[in-house]
>>> print(open('model_11.txt').read())   # compact mmCIF, C-alpha atoms and all ligand atoms
# COMPACT_ATOMS: atom_id res chain seq x y z
CA MET A 1006 176.03 236.30 109.83
CA ARG A 1007 175.40 239.92 108.90
CA ILE A 1008 178.17 242.46 109.44
CA ASP A 1009 177.86 246.21 108.83
CA VAL A 1010 180.81 248.59 108.99
CA LEU A 1011 180.48 252.35 109.43
CA SER A 1012 183.63 254.25 108.43
CA ILE A 1013 184.79 257.43 106.73
CA PHE A 1014 187.33 255.28 104.83
CA PRO A 1015 185.20 252.47 103.37
CA SER A 1016 187.89 251.54 100.82
CA TYR A 1017 190.01 250.13 103.67
CA PHE A 1018 187.64 247.17 103.51
CA ASP A 1019 188.17 246.37 99.81
CA GLY A 1020 190.51 243.58 100.96
CA LEU A 1021 187.53 241.67 102.36
CA THR A 1022 186.61 240.61 98.80
CA LEU A 1023 189.78 238.48 98.74
CA SER A 1024 190.50 234.92 99.84
CA LEU A 1025 188.40 232.97 102.34
CA LEU A 1026 186.20 235.83 103.48
CA GLY A 1027 185.56 236.87 99.87
CA LYS A 1028 184.42 233.34 99.05
CA ALA A 1029 182.19 233.27 102.14
CA ARG A 1030 180.60 236.51 100.96
CA ASP A 1031 180.01 235.11 97.48
CA ALA A 1032 178.52 231.97 99.03
CA GLY A 1033 176.13 234.07 101.15
CA ILE A 1034 177.58 232.84 104.47
CA LEU A 1035 178.80 236.32 105.37
CA ASP A 1036 176.58 239.28 104.52
CA LEU A 1037 179.16 242.05 104.78
CA ASN A 1038 178.12 245.65 104.15
CA VAL A 1039 180.51 248.61 104.32
CA HIS A 1040 179.01 252.10 104.60
CA ASP A 1041 180.49 255.59 104.28
CA LEU A 1042 179.56 257.51 107.44
CA ARG A 1043 179.56 260.72 105.36
CA ASP A 1044 176.42 259.45 103.60
CA TRP A 1045 174.60 260.48 106.79
CA THR A 1046 175.83 264.10 106.73
CA SER A 1047 173.82 266.86 105.09
CA ASP A 1048 176.19 269.85 104.82
CA ARG A 1049 178.13 270.72 101.68
CA HIS A 1050 181.46 269.57 103.19
CA ARG A 1051 180.04 266.30 104.57
CA THR A 1052 181.49 267.21 107.97
CA VAL A 1053 181.92 264.41 110.52
CA ASP A 1054 184.10 266.14 113.16
CA ASP A 1055 184.24 269.26 115.31
CA THR A 1056 186.34 270.81 118.09
CA PRO A 1057 186.12 269.31 121.60
CA TYR A 1058 184.05 270.98 124.32
CA GLY A 1059 186.40 271.89 127.16
CA GLY A 1060 189.29 272.41 124.75
CA GLY A 1061 192.24 270.21 123.97
CA ALA A 1062 194.05 268.85 120.95
CA GLY A 1063 192.40 267.26 117.94
CA MET A 1064 188.85 266.84 116.76
CA VAL A 1065 185.90 264.77 117.96
CA MET A 1066 183.43 262.92 115.74
CA LYS A 1067 180.03 264.66 115.78
CA PRO A 1068 177.10 262.63 117.11
CA GLU A 1069 174.52 263.46 114.38
CA PRO A 1070 175.89 261.34 111.48
CA TRP A 1071 176.44 258.43 113.89
CA GLY A 1072 172.87 258.67 115.18
CA LEU A 1073 171.36 258.58 111.69
CA ALA A 1074 173.69 255.77 110.55
CA LEU A 1075 172.90 253.64 113.62
CA ASP A 1076 169.16 254.28 113.18
CA GLU A 1077 169.38 252.85 109.69
CA VAL A 1078 171.97 250.10 110.05
CA ALA A 1079 171.80 248.91 113.67
CA ALA A 1080 168.03 249.19 113.94
CA ALA A 1081 167.66 246.85 110.93
CA THR A 1082 167.72 243.83 113.27
CA GLU A 1083 166.66 243.27 116.86
CA ARG A 1084 169.48 244.24 119.27
CA PRO A 1085 172.61 243.62 117.17
CA THR A 1086 176.07 243.61 118.75
CA ILE A 1087 177.57 247.07 118.19
CA ILE A 1088 181.37 247.17 118.41
CA PHE A 1089 183.37 250.37 118.64
CA PRO A 1090 187.08 249.58 118.19
CA SER A 1091 188.95 251.61 120.79
CA PRO A 1092 192.36 251.44 122.49
CA ALA A 1093 190.33 252.18 125.66
CA GLY A 1094 188.25 249.00 125.29
CA GLU A 1095 188.47 245.42 126.59
CA VAL A 1096 191.23 243.41 124.89
CA PHE A 1097 190.22 241.22 121.93
CA THR A 1098 191.24 237.56 122.27
CA GLN A 1099 190.42 234.25 120.57
CA ALA A 1100 187.72 233.80 123.25
CA THR A 1101 186.18 237.14 122.19
CA ALA A 1102 186.26 236.00 118.56
CA ARG A 1103 184.56 232.69 119.46
CA ASP A 1104 181.84 234.52 121.38
CA LEU A 1105 181.22 237.06 118.61
CA ALA A 1106 181.16 234.35 115.91
CA THR A 1107 177.80 233.21 117.35
CA ARG A 1108 176.12 236.60 116.78
CA GLU A 1109 173.58 237.08 113.99
CA HIS A 1110 174.36 240.74 113.34
CA ILE A 1111 177.44 242.81 114.24
CA VAL A 1112 177.85 246.52 113.53
CA PHE A 1113 181.36 248.01 113.67
CA GLY A 1114 181.60 251.77 114.23
CA CYS A 1115 185.05 252.98 113.21
CA GLY A 1116 186.12 256.15 114.99
CA ARG A 1117 188.85 258.51 113.81
CA TYR A 1118 190.45 261.64 115.24
CA GLU A 1119 190.42 261.87 119.05
CA GLY A 1120 187.28 259.76 119.27
CA ILE A 1121 183.50 259.83 119.02
CA ASP A 1122 181.18 262.04 121.08
CA GLU A 1123 180.47 259.94 124.21
CA ARG A 1124 176.69 260.25 123.80
CA VAL A 1125 176.88 258.04 120.68
CA PHE A 1126 177.84 255.05 122.87
CA GLU A 1127 174.91 255.72 125.21
CA TYR A 1128 172.51 256.03 122.28
CA ALA A 1129 173.84 252.84 120.64
CA ALA A 1130 173.22 250.94 123.89
CA ALA A 1131 169.49 251.51 123.35
CA LEU A 1132 169.72 249.72 119.98
CA GLY A 1133 171.94 246.76 120.84
CA GLU A 1134 174.75 245.36 122.97
CA VAL A 1135 177.62 247.86 122.84
CA ARG A 1136 181.22 246.61 123.18
CA LEU A 1137 184.35 248.79 123.14
CA ILE A 1138 187.15 246.49 122.00
CA SER A 1139 190.92 247.04 121.69
CA LEU A 1140 193.42 244.95 119.75
CA GLY A 1141 196.11 245.52 122.36
CA ASP A 1142 198.18 248.11 124.15
CA TYR A 1143 199.28 250.33 121.30
CA VAL A 1144 197.62 253.13 119.33
CA LEU A 1145 196.32 253.03 115.75
CA ASN A 1146 195.03 256.06 113.87
CA GLY A 1147 191.47 254.79 113.73
CA GLY A 1148 189.22 251.78 114.04
CA GLU A 1149 189.50 250.53 110.45
CA VAL A 1150 192.55 248.28 110.73
CA ALA A 1151 191.31 246.92 114.06
CA THR A 1152 187.91 246.17 112.49
CA MET A 1153 189.59 244.33 109.60
CA ALA A 1154 191.48 242.17 112.09
CA MET A 1155 188.36 241.42 114.12
CA ILE A 1156 186.25 240.60 111.04
CA GLU A 1157 188.90 238.13 109.90
CA ALA A 1158 189.26 236.52 113.33
CA ILE A 1159 185.48 236.28 113.84
CA GLY A 1160 184.55 235.46 110.23
CA ARG A 1161 186.82 232.44 109.96
CA LEU A 1162 185.04 230.88 112.97
CA VAL A 1163 181.61 231.13 111.33
CA PRO A 1164 180.63 227.62 110.20
CA GLY A 1165 181.32 227.11 106.48
CA VAL A 1166 183.86 229.93 106.08
CA VAL A 1167 186.94 227.74 106.60
CA GLY A 1168 186.51 224.69 104.34
CA ASN A 1169 188.14 222.14 106.65
CA PRO A 1170 186.98 222.80 110.24
CA GLU A 1171 189.83 220.61 111.55
CA SER A 1172 192.26 223.32 110.52
CA LEU A 1173 190.64 225.57 113.13
CA VAL A 1174 191.49 223.22 115.98
CA GLU A 1175 195.29 222.92 115.87
CA GLU A 1176 196.09 226.62 115.92
CA SER A 1177 197.79 229.05 118.23
CA HIS A 1178 195.46 230.15 121.06
CA GLU A 1179 192.68 227.63 120.38
CA ASP A 1180 193.99 225.41 123.21
CA GLY A 1181 195.65 228.25 125.14
CA LEU A 1182 199.10 227.39 123.78
CA LEU A 1183 201.14 228.53 120.78
CA GLU A 1184 201.11 226.36 117.69
CA TYR A 1185 203.74 223.62 117.13
CA PRO A 1186 206.28 224.10 114.28
CA SER A 1187 205.39 222.84 110.78
CA TYR A 1188 207.61 221.40 108.04
CA THR A 1189 207.13 220.23 104.46
CA LYS A 1190 209.35 218.75 101.73
CA PRO A 1191 212.26 218.61 101.11
CA ALA A 1192 213.42 216.58 104.14
CA VAL A 1193 216.76 218.44 104.04
CA TRP A 1194 216.93 222.08 102.92
CA ARG A 1195 220.16 224.11 102.96
CA GLU A 1196 221.68 221.51 105.31
CA ARG A 1197 218.74 221.78 107.73
CA ALA A 1198 216.93 218.51 108.37
CA VAL A 1199 213.28 218.13 109.35
CA PRO A 1200 213.07 216.72 112.92
CA GLU A 1201 213.47 212.96 112.65
CA VAL A 1202 210.34 212.17 114.68
CA LEU A 1203 208.12 213.66 111.95
CA LEU A 1204 209.45 211.12 109.45
CA SER A 1205 209.02 208.19 111.86
CA GLY A 1206 205.40 207.36 111.05
CA ASN A 1207 204.85 206.89 114.82
CA HIS A 1208 201.71 208.96 115.38
CA ALA A 1209 201.79 208.76 119.18
CA ARG A 1210 205.41 209.97 119.27
CA ILE A 1211 204.59 212.75 116.80
CA ALA A 1212 201.62 213.90 118.88
CA GLN A 1213 203.77 213.92 122.05
CA TRP A 1214 206.58 215.83 120.31
CA ARG A 1215 204.16 218.46 119.01
CA ARG A 1216 202.64 218.90 122.48
CA ASP A 1217 206.14 219.32 124.00
CA GLN A 1218 207.00 221.89 121.33
CA GLN A 1219 203.82 223.82 122.11
CA PHE A 1220 204.74 224.05 125.80
CA GLU A 1221 208.39 224.89 125.08
CA ARG A 1222 207.49 227.73 122.70
CA THR A 1223 204.78 229.09 124.95
CA ARG A 1224 207.20 229.08 127.92
CA ALA A 1225 209.85 230.90 125.82
CA ARG A 1226 207.68 233.42 123.98
CA ARG A 1227 204.47 233.85 125.97
CA PRO A 1228 204.97 232.76 129.60
CA ASP A 1229 201.94 234.90 130.49
CA LEU A 1230 199.72 232.28 128.80
CA LEU A 1231 201.00 229.57 131.19
CA ALA A 1232 200.76 231.55 134.45
CA ASP A 1233 197.84 229.84 136.21
CA ASP A 1234 196.91 232.91 138.21
CA ALA A 1235 197.75 235.64 135.77
CA ASP A 1236 197.33 239.08 137.34
CL1 LIG B 1301 190.57 248.96 118.43
N1 LIG B 1301 191.65 251.30 117.87
C1 LIG B 1301 192.68 252.16 117.83
N2 LIG B 1301 192.49 253.39 117.33
N3 LIG B 1301 193.88 251.86 118.29
C2 LIG B 1301 194.04 250.64 118.79
C3 LIG B 1301 193.03 249.69 118.83
C4 LIG B 1301 191.83 250.06 118.36
N4 LIG B 1301 193.50 248.56 119.37
C5 LIG B 1301 194.77 248.80 119.64
N5 LIG B 1301 195.11 250.06 119.28
>>> encode(input="model_11.txt", output="structure tokens", more="lines below")
Ligand code: 6GU
Amino acid sequence: MRIDVLSIFPSYFDGLTLSLLGKARDAGILDLNVHDLRDWTSDRHRTVDDTPYGGGAGMVMKPEPWGLALDEVAAATERPTIIFPSPAGEVFTQATARDLATREHIVFGCGRYEGIDERVFEYAAALGEVRLISLGDYVLNGGEVATMAMIEAIGRLVPGVVGNPESLVEESHEDGLLEYPSYTKPAVWRERAVPEVLLSGNHARIAQWRRDQQFERTRARRPDLLADDAD
């Protein structure tokens, strides 16, 4: 999978050299390229923003650098998926991550300030499939942290990135429920014992207990996941 990131803060993405995703990059499974949007400016100050038409607070990202960057990066493959992280977008879920993990080429356009000139989204739609995606109902200062989260959630679902694919199965949200609790040695720690069933060696009982725990935790913490006609 090829991923390109357009940002005025490319060093946010230095962390993607670490751990699993770093190894996947080294192995050539993930072709991850981070670009400085200011490389597509031509004025002395490398300006990427300007005041909003119609007035109002804050600055808006100018369309010209975005147009040139998308021409170079998005037009490199046939109709890539172009994601603009935005609190005004559809909400990102594990299902979104699974869908996006099948794409050959994803471009992330990280906005800052009060947003990007609206015409950039229209123009991008001529080059690929445009998605505005939000991490949830709260506001970040820009798209960089959201893009990091999405790259990690998507990247780990790309075949070969996570060494043992079984570890992808028994996780929160993969089956619509929260994960069951985990324990390791010692069997008693600070007077707290590991649940007896886990030491029983009875695999059917263990599986049933874990399932019960998943439902109990989901009911307590995330009842919205159990509501069968969520509105
Ligand atoms: Cl994707 N961007 C910004 N700026 N804020 C957010 C977000 C994205 N998702 C939640 N809050």
>>> axis_aligned_box(input="model_11.txt", around="ligand LIG 1301 (chain B)", padding_each_side="3 Å", output="lines of an AutoDock Vina configuration file")
center_x = 192.8
center_y = 251.0
center_z = 118.5
size_x = 10.5
size_y = 10.8
size_z = 8.3
>>> closest_residue(input="model_11.txt", among="A:Leu1140, A:Val1125, A:Ile1088, A:Met1155", to="ligand LIG 1301 (chain B)", atoms="only C-alpha atoms and all ligand atoms")
A:Leu1140
>>> residues_near_ligand(input="model_11.txt", ligand="ligand LIG 1301 (chain B)", cutoff="8 Å", atoms="only C-alpha atoms and all ligand atoms", output="ChimeraX atom specification")
/A:1089-1094,1096,1116-1117,1137-1152
>>> closest_residue(input="model_11.txt", among="A:Ala1079, A:Val1193, A:Leu1025, A:Ala1062", to="Gly1168 (chain A)", atoms="all atoms listed in the file")
A:Leu1025
>>> residues_around(input="model_11.txt", residues="Asp1054 (chain A)", least_positions_apart="3", cutoff="8 Å", atoms="all atoms listed in the file", output="MDAnalysis selection string")
chainID A and resid 1064:1067
>>> atom_distance(input="model_11.txt", atom1="CA of Ala1102 (chain A)", atom2="CA of Ile1156 (chain A)")
8.8 Å
>>> atom_distance(input="model_11.txt", atom1="CA of Leu1075 (chain A)", atom2="CA of Gly1114 (chain A)")
8.9 Å
>>> closest_residue(input="model_11.txt", among="A:Ala1029, A:Val1010, A:Phe1097, A:Thr1022", to="Trp1071 (chain A)", atoms="only C-alpha atoms")
A:Val1010
>>> atom_distance(input="model_11.txt", atom1="CA of Thr1223 (chain A)", atom2="CA of Leu1182 (chain A)")
6.0 Å
>>> closest_residue(input="model_11.txt", among="A:Val1078, A:Ile1121, A:Leu1183, A:Ala1130", to="Gln1218 (chain A)", atoms="all atoms listed in the file")
A:Leu1183
>>> residues_around(input="model_11.txt", residues="Val1167 (chain A)", least_positions_apart="5", cutoff="10 Å", atoms="all atoms listed in the file", output="ChimeraX atom specification")
/A:1025-1026,1028-1029,1160-1162,1172-1173
>>> residues_around(input="model_11.txt", residues="Leu1011 (chain A)", least_positions_apart="6", cutoff="8 Å", atoms="only C-alpha atoms", output="PyMOL selection string")
chain A and resi 1039-1042+1074+1112-1115
>>> build_atoms(input="model_11.txt", residues="region 1145-1177 of chain A", atoms="N, CA and C atoms", output="compact mmCIF listing (two decimals), in the coordinates of the input")
# COMPACT_ATOMS: atom_id res chain seq x y z
N LEU A 1145 196.50 252.92 117.20
CA LEU A 1145 196.32 253.03 115.75
C LEU A 1145 195.64 254.37 115.46
N ASN A 1146 195.62 254.76 114.20
CA ASN A 1146 195.03 256.06 113.87
C ASN A 1146 193.51 256.06 113.84
N GLY A 1147 192.93 254.88 113.77
CA GLY A 1147 191.47 254.79 113.73
C GLY A 1147 191.05 253.35 113.84
N GLY A 1148 189.75 253.12 113.80
CA GLY A 1148 189.22 251.78 114.04
C GLY A 1148 189.26 250.85 112.85
N GLU A 1149 189.64 251.35 111.66
CA GLU A 1149 189.50 250.53 110.45
C GLU A 1149 190.37 249.28 110.46
N VAL A 1150 191.65 249.44 110.75
CA VAL A 1150 192.55 248.28 110.73
C VAL A 1150 192.17 247.29 111.82
N ALA A 1151 191.76 247.80 112.97
CA ALA A 1151 191.31 246.92 114.06
C ALA A 1151 190.05 246.16 113.64
N THR A 1152 189.14 246.84 112.95
CA THR A 1152 187.91 246.17 112.49
C THR A 1152 188.23 245.08 111.48
N MET A 1153 189.16 245.35 110.56
CA MET A 1153 189.59 244.33 109.60
C MET A 1153 190.08 243.08 110.33
N ALA A 1154 190.92 243.30 111.33
CA ALA A 1154 191.48 242.17 112.09
C ALA A 1154 190.37 241.39 112.79
N MET A 1155 189.43 242.10 113.39
CA MET A 1155 188.36 241.42 114.12
C MET A 1155 187.43 240.67 113.16
N ILE A 1156 187.13 241.28 112.00
CA ILE A 1156 186.25 240.60 111.04
C ILE A 1156 186.91 239.31 110.56
N GLU A 1157 188.22 239.35 110.36
CA GLU A 1157 188.90 238.13 109.90
C GLU A 1157 188.92 237.06 111.00
N ALA A 1158 189.21 237.48 112.22
CA ALA A 1158 189.26 236.52 113.33
C ALA A 1158 187.88 235.92 113.63
N ILE A 1159 186.85 236.75 113.57
CA ILE A 1159 185.48 236.28 113.84
C ILE A 1159 184.97 235.48 112.64
N GLY A 1160 185.13 236.04 111.45
CA GLY A 1160 184.55 235.46 110.23
C GLY A 1160 185.02 234.04 109.98
N ARG A 1161 186.30 233.78 110.25
CA ARG A 1161 186.82 232.44 109.96
C ARG A 1161 186.28 231.38 110.92
N LEU A 1162 185.64 231.83 112.02
CA LEU A 1162 185.04 230.88 112.97
C LEU A 1162 183.56 230.61 112.66
N VAL A 1163 183.01 231.36 111.71
CA VAL A 1163 181.61 231.13 111.33
C VAL A 1163 181.55 229.84 110.50
N PRO A 1164 180.67 228.91 110.89
CA PRO A 1164 180.63 227.62 110.20
C PRO A 1164 180.50 227.77 108.68
N GLY A 1165 181.37 227.07 107.94
CA GLY A 1165 181.32 227.11 106.48
C GLY A 1165 182.34 228.05 105.85
N VAL A 1166 182.91 228.96 106.65
CA VAL A 1166 183.86 229.93 106.08
C VAL A 1166 185.21 229.26 105.81
N VAL A 1167 185.72 228.51 106.79
CA VAL A 1167 186.94 227.74 106.60
C VAL A 1167 186.52 226.34 106.16
N GLY A 1168 186.96 225.94 104.95
CA GLY A 1168 186.51 224.69 104.34
C GLY A 1168 186.67 223.47 105.22
N ASN A 1169 187.87 223.29 105.79
CA ASN A 1169 188.14 222.14 106.65
C ASN A 1169 188.15 222.58 108.11
N PRO A 1170 187.06 222.31 108.86
CA PRO A 1170 186.98 222.80 110.24
C PRO A 1170 188.10 222.27 111.14
N GLU A 1171 188.72 221.14 110.75
CA GLU A 1171 189.83 220.61 111.55
C GLU A 1171 191.00 221.58 111.59
N SER A 1172 191.14 222.39 110.54
CA SER A 1172 192.26 223.32 110.52
C SER A 1172 192.07 224.44 111.54
N LEU A 1173 190.87 224.56 112.10
CA LEU A 1173 190.64 225.57 113.13
C LEU A 1173 191.11 225.10 114.50
N VAL A 1174 191.25 223.78 114.65
CA VAL A 1174 191.49 223.22 115.98
C VAL A 1174 192.95 223.38 116.38
N GLU A 1175 193.87 222.95 115.50
CA GLU A 1175 195.29 222.92 115.87
C GLU A 1175 195.96 224.24 115.54
N GLU A 1176 195.53 225.31 116.20
CA GLU A 1176 196.09 226.62 115.92
C GLU A 1176 196.50 227.30 117.21
N SER A 1177 197.41 228.24 117.07
CA SER A 1177 197.79 229.05 118.23
C SER A 1177 196.53 229.60 118.88
